[in-house]
$ cat structure-v2.cif   # mmCIF, C-alpha atoms
data_work
loop_
_atom_site.label_atom_id
_atom_site.label_comp_id
_atom_site.auth_asym_id
_atom_site.auth_seq_id
_atom_site.Cartn_x
_atom_site.Cartn_y
_atom_site.Cartn_z
CA MET A 1 93.99 14.25 5.43
CA SER A 2 91.15 13.05 3.25
CA ALA A 3 87.52 14.06 3.47
CA HIS A 4 85.39 11.27 4.88
CA PRO A 5 81.75 11.50 3.73
CA LEU A 6 79.55 9.74 6.24
CA SER A 7 76.80 8.73 3.84
CA GLY A 8 77.18 5.00 3.24
CA ALA A 9 80.06 4.64 5.72
CA VAL A 10 80.18 2.11 8.56
CA VAL A 11 81.21 3.97 11.70
CA ALA A 12 81.68 2.72 15.26
CA VAL A 13 81.12 5.18 18.09
CA VAL A 14 82.82 4.18 21.35
CA GLY A 15 81.16 5.68 24.39
CA ALA A 16 77.87 5.89 22.50
CA SER A 17 75.81 5.52 25.68
CA GLY A 18 77.25 8.79 27.01
CA VAL A 19 75.87 12.26 26.37
CA LEU A 20 78.38 13.34 23.72
CA GLY A 21 78.75 9.84 22.26
CA SER A 22 75.00 9.50 21.74
CA HIS A 23 74.90 12.84 19.91
CA LEU A 24 77.77 11.69 17.70
CA ALA A 25 76.06 8.37 16.96
CA ARG A 26 72.71 9.95 16.08
CA GLY A 27 74.40 12.70 14.09
CA ALA A 28 76.41 10.22 12.03
CA ALA A 29 73.29 8.17 11.37
CA ALA A 30 71.41 11.32 10.30
CA ARG A 31 74.16 11.92 7.72
CA GLY A 32 73.69 8.45 6.26
CA ALA A 33 76.22 6.37 8.20
CA THR A 34 75.57 2.86 9.47
CA VAL A 35 76.54 3.11 13.13
CA VAL A 36 77.87 0.43 15.47
CA LEU A 37 77.30 1.41 19.09
CA VAL A 38 80.00 0.60 21.64
CA GLY A 39 79.86 1.20 25.38
CA ARG A 40 79.48 -0.20 28.88
CA ASP A 41 75.68 -0.23 29.19
CA GLY A 42 73.85 -2.39 26.67
CA GLN A 43 70.40 -1.12 27.63
CA ARG A 44 71.37 2.51 27.19
CA LEU A 45 73.14 1.72 23.93
CA ARG A 46 70.05 0.10 22.46
CA ALA A 47 68.06 3.22 23.28
CA VAL A 48 70.37 5.42 21.20
CA LEU A 49 69.55 4.03 17.74
CA ASP A 50 66.91 1.44 16.91
CA GLY A 51 68.31 -1.65 15.23
CA ALA A 52 71.99 -0.68 15.44
CA GLU A 53 74.58 -3.33 16.20
CA VAL A 54 75.79 -3.09 19.81
CA VAL A 55 79.12 -4.05 21.39
CA VAL A 56 79.18 -3.98 25.19
CA GLY A 57 82.45 -3.65 27.04
CA GLU A 58 84.98 -1.49 28.84
CA LEU A 59 87.44 0.60 26.84
CA ALA A 60 90.19 -0.64 29.13
CA ASP A 61 89.46 -4.22 27.99
CA ALA A 62 92.08 -4.99 25.36
CA THR A 63 89.66 -7.30 23.53
CA LEU A 64 87.04 -4.58 22.93
CA GLY A 65 88.60 -3.49 19.65
CA GLU A 66 88.65 -7.06 18.38
CA ARG A 67 84.96 -7.51 19.14
CA LEU A 68 84.15 -4.16 17.55
CA VAL A 69 85.91 -5.14 14.32
CA GLU A 70 84.30 -8.59 14.31
CA THR A 71 80.82 -7.15 14.82
CA ALA A 72 81.17 -4.46 12.14
CA THR A 73 82.62 -6.77 9.52
CA ARG A 74 80.18 -9.59 10.26
CA ALA A 75 77.13 -7.34 10.14
CA HIS A 76 78.18 -4.82 7.50
CA GLY A 77 81.22 -6.23 5.71
CA ARG A 78 83.53 -3.31 6.48
CA LEU A 79 84.58 -0.66 8.95
CA ASP A 80 85.24 2.87 7.69
CA GLY A 81 85.76 4.78 10.89
CA VAL A 82 85.93 4.75 14.68
CA VAL A 83 85.03 7.70 16.90
CA ASN A 84 86.17 7.31 20.50
CA ALA A 85 84.15 9.52 22.85
CA ALA A 86 84.65 7.45 26.01
CA GLY A 87 86.48 8.74 29.04
CA VAL A 88 86.47 9.41 32.77
CA ALA A 89 87.40 12.42 34.89
CA ALA A 90 88.73 13.16 38.37
CA PHE A 91 89.23 16.40 40.25
CA GLY A 92 91.23 17.76 43.14
CA ALA A 93 94.90 18.28 43.94
CA LEU A 94 97.21 15.47 42.90
CA VAL A 95 98.26 14.80 46.52
CA ASP A 96 94.59 14.20 47.37
CA THR A 97 93.94 11.90 44.40
CA PRO A 98 94.08 8.19 45.32
CA ASP A 99 96.58 6.04 43.44
CA ALA A 100 93.76 3.83 42.19
CA VAL A 101 92.04 6.85 40.64
CA VAL A 102 95.21 7.97 38.86
CA GLU A 103 95.59 4.44 37.53
CA GLU A 104 91.97 4.27 36.33
CA LEU A 105 92.23 7.66 34.64
CA PHE A 106 95.21 6.53 32.57
CA LEU A 107 93.79 3.08 31.91
CA THR A 108 90.55 4.47 30.48
CA ASN A 109 91.73 7.71 28.88
CA VAL A 110 95.10 6.63 27.48
CA VAL A 111 95.82 2.90 27.65
CA GLY A 112 92.31 1.93 26.49
CA PRO A 113 92.41 4.14 23.39
CA LEU A 114 95.83 2.73 22.51
CA PHE A 115 94.54 -0.83 22.93
CA LEU A 116 91.62 0.14 20.68
CA ALA A 117 93.80 1.77 18.02
CA ARG A 118 96.10 -1.27 17.81
CA ARG A 119 93.15 -3.48 16.96
CA VAL A 120 91.11 -1.29 14.63
CA VAL A 121 93.87 0.28 12.52
CA PRO A 122 94.54 -2.82 10.33
CA THR A 123 90.85 -2.99 9.37
CA LEU A 124 90.62 0.79 8.86
CA ALA A 125 93.62 0.55 6.53
CA GLU A 126 91.56 -1.67 4.22
CA THR A 127 89.05 1.16 3.70
CA ARG A 128 91.48 4.09 4.11
CA GLY A 129 89.30 5.09 7.01
CA PHE A 130 89.59 7.27 10.08
CA LEU A 131 90.10 7.20 13.84
CA VAL A 132 88.83 10.12 15.93
CA ASN A 133 89.81 10.53 19.58
CA LEU A 134 88.01 13.00 21.82
CA SER A 135 90.71 14.60 23.94
CA ALA A 136 90.00 17.97 25.62
CA VAL A 137 91.07 21.57 25.99
CA LEU A 138 93.06 20.34 29.02
CA ALA A 139 95.64 18.95 26.58
CA GLU A 140 96.33 22.56 25.56
CA GLN A 141 95.67 24.28 28.88
CA PRO A 142 96.30 21.98 31.89
CA MET A 143 94.46 23.12 35.00
CA ALA A 144 95.29 23.10 38.68
CA GLY A 145 92.91 20.81 40.47
CA MET A 146 92.90 18.52 37.43
CA THR A 147 96.54 17.47 37.24
CA ALA A 148 96.07 13.76 36.61
CA TYR A 149 93.06 14.32 34.33
CA SER A 150 94.96 16.96 32.33
CA ALA A 151 97.92 14.60 32.00
CA THR A 152 95.73 11.89 30.46
CA LYS A 153 94.34 14.27 27.86
CA ALA A 154 97.81 15.57 26.99
CA ALA A 155 99.03 11.98 26.61
CA LEU A 156 96.13 11.08 24.30
CA THR A 157 96.77 14.13 22.11
CA ALA A 158 100.47 13.25 21.92
CA ALA A 159 99.58 9.72 20.86
CA ASP A 160 97.21 11.02 18.19
CA ARG A 161 99.84 13.36 16.76
CA ALA A 162 102.38 10.55 16.60
CA LEU A 163 99.85 8.24 14.96
CA VAL A 164 99.14 10.82 12.25
CA LYS A 165 102.77 10.45 11.14
CA GLU A 166 103.01 6.73 11.81
CA LEU A 167 99.93 5.83 9.79
CA ARG A 168 100.31 8.27 6.90
CA ARG A 169 101.31 5.56 4.40
CA THR A 170 98.44 3.30 5.44
CA GLY A 171 95.81 5.83 4.43
CA VAL A 172 94.26 5.89 7.91
CA ASP A 173 93.55 9.42 9.12
CA VAL A 174 93.78 10.14 12.85
CA ILE A 175 91.93 13.21 14.10
CA ASP A 176 92.55 14.66 17.55
CA VAL A 177 89.59 16.67 18.90
CA ARG A 178 90.07 19.03 21.86
CA PRO A 179 86.73 20.63 22.68
CA PRO A 180 86.31 23.26 25.39
CA HIS A 181 84.29 22.39 28.47
CA THR A 182 81.07 20.76 27.31
CA GLU A 183 77.86 20.26 29.30
CA THR A 184 77.92 16.46 29.39
CA GLY A 185 77.49 16.17 33.15
CA LEU A 186 80.98 14.72 33.51
CA VAL A 187 81.90 17.28 36.19
CA GLY A 188 79.33 15.64 38.44
CA ARG A 189 80.57 12.13 37.77
CA GLY A 190 84.25 12.40 38.64
CA LEU A 191 86.04 9.37 40.05
CA SER A 192 87.13 11.53 42.96
CA GLY A 193 87.24 15.12 44.15
CA GLU A 194 85.04 18.09 43.35
CA ALA A 195 85.25 19.98 40.06
CA PRO A 196 86.36 23.63 40.23
CA ARG A 197 83.99 26.36 39.10
CA LEU A 198 83.83 26.27 35.33
CA PRO A 199 82.20 28.64 32.86
CA GLN A 200 79.08 27.56 31.02
CA GLY A 201 80.10 24.83 28.60
CA LEU A 202 79.15 24.14 25.01
CA GLU A 203 76.07 22.12 24.18
CA PRO A 204 76.97 18.51 23.31
CA SER A 205 75.02 18.75 20.05
CA VAL A 206 77.21 21.69 18.96
CA VAL A 207 80.41 19.74 19.66
CA ALA A 208 79.11 16.62 17.93
CA GLU A 209 78.12 18.51 14.78
CA ALA A 210 81.51 20.25 14.69
CA VAL A 211 83.28 16.87 14.88
CA LEU A 212 81.17 15.40 12.09
CA ASP A 213 81.60 18.52 9.95
CA ALA A 214 85.38 18.28 10.40
CA LEU A 215 85.38 14.63 9.36
CA GLU A 216 83.45 15.32 6.19
CA ALA A 217 85.58 18.39 5.39
CA GLY A 218 88.90 16.58 5.86
CA SER A 219 90.16 18.63 8.83
CA ARG A 220 93.38 17.37 10.39
CA GLU A 221 92.38 18.20 13.97
CA LEU A 222 89.95 20.30 15.99
CA ALA A 223 91.60 22.56 18.55
CA SER A 224 89.60 24.18 21.33
CA THR A 225 89.59 27.46 19.42
CA ASP A 226 87.96 25.83 16.40
CA PHE A 227 84.67 25.51 18.24
CA GLY A 228 84.01 29.26 18.23
#
$ encode --input "structure-v2.cif" --output "structure tokens"
Amino acid sequence: MSAHPLSGAVVAVVGASGVLGSHLARGAAARGATVVLVGRDGQRLRAVLDGAEVVVGELADATLGERLVETATRAHGRLDGVVNAAGVAAFGALVDTPDAVVEELFLTNVVGPLFLARRVVPTLAETRGFLVNLSAVLAEQPMAGMTAYSATKAALTAADRALVKELRRTGVDVIDVRPPHTETGLVGRGLSGEAPRLPQGLEPSVVAEAVLDALEAGSRELASTDFG
């Protein structure tokens, strides 16, 4: 795993209109990166960073990665890294979770990131860049009442760990990040069900800074226990 200084780098943040994604985008820009903002809401994206290039689309859209690469290379001539902070949640017992919700969870949290990785990795190989995926503590500690959601995070972490080995010779670093519960408001925006009682979560700014610190330090992954 190489250190990836952000100063002068071109970095795309997927999910940049969300709470954690916006902190990551602003934090990367504060460290000198040129940031490309990617997400579903163009208006909210444009409010994150003045003048940044914007790519609007759903992570589950297989063409999103192609448009991200095209935008970054057209505007900035390169792409050094991609940070994927997009995702959805659902709560409740599996037997009470509609089939359509299970399908959407996996499409957004697992299939979408794989679609994205397939399309950005060849360009990242040109710069020996990085791909960061925001998984969750649920990949390490699956919870009752979050069976399907936990399964998506475990699947994403498994994919990241396989990609670390698969891409070693290309020079592309893949970093799996598994933060503890974070106060992003996601528990109130589940696709279905009601979230169980959770302890006070970390501040999104704390998580974002830890991710950016890990990138610049060359950390291989960030487990839940690495957030203190």
$ resolve_selection --input "structure-v2.cif" --expression "the PyMOL selection byres ((chain A and resi 139-152) around 12)" --output "PyMOL selection string"
chain A and resi 87-113+134-138+153-160+176-181+187+190-198+222-225
$ resolve_selection --input "structure-v2.cif" --expression "the PyMOL selection byres ((chain A and resi 20-34) around 8)" --output "list in words"
Leu6, Ser7, Gly8, Ala9, Val10, Val11, Val13, Val14, Gly15, Ala16, Ser17, Gly18, Val19, Val35, Val36, Leu37, Val48, Leu49, Ala52, Ala85, Ala86, Thr184, Pro204, Ser205, Val207, Ala208, Glu209 and Leu212 of chain A
$ resolve_selection --input "structure-v2.cif" --expression "the PyMOL selection byres ((chain A and resi 64) around 10)" --output "ChimeraX atom specification"
/A:14,38-39,55-63,65-70,112,115-116,119-120
$ atom_distance --input "structure-v2.cif" --atom1 "atom CA of A:Gly81" --atom2 "atom CA of A:Arg189"
28.3 Å
$ residues_around --input "structure-v2.cif" --residues "A:Ala214" --least-positions-apart "6" --cutoff "9 Å" --atoms "only C-alpha atoms" --output "list in words"
Ala3, His4, Arg220, Glu221 and Leu222 of chain A
$ atom_distance --input "structure-v2.cif" --atom1 "atom CA of A:Asp80" --atom2 "atom CA of A:Ser2"
12.6 Å
$ closest_residue --input "structure-v2.cif" --among "A:Ala210, A:Ala72, A:Leu131, A:Leu186" --to "A:Val54" --atoms "only C-alpha atoms"
A:Ala72
$ atom_distance --input "structure-v2.cif" --atom1 "atom CA of A:Glu126" --atom2 "atom CA of A:Asn84"
19.4 Å
$ closest_residue --input "structure-v2.cif" --among "A:Val172, A:Val206, A:Met1, A:Val83" --to "A:Ala125" --atoms "only C-alpha atoms"
A:Val172
$ closest_residue --input "structure-v2.cif" --among "A:His76, A:Leu167, A:Leu215, A:Gly42" --to "A:Val132" --atoms "all atoms listed in the file"
A:Leu215
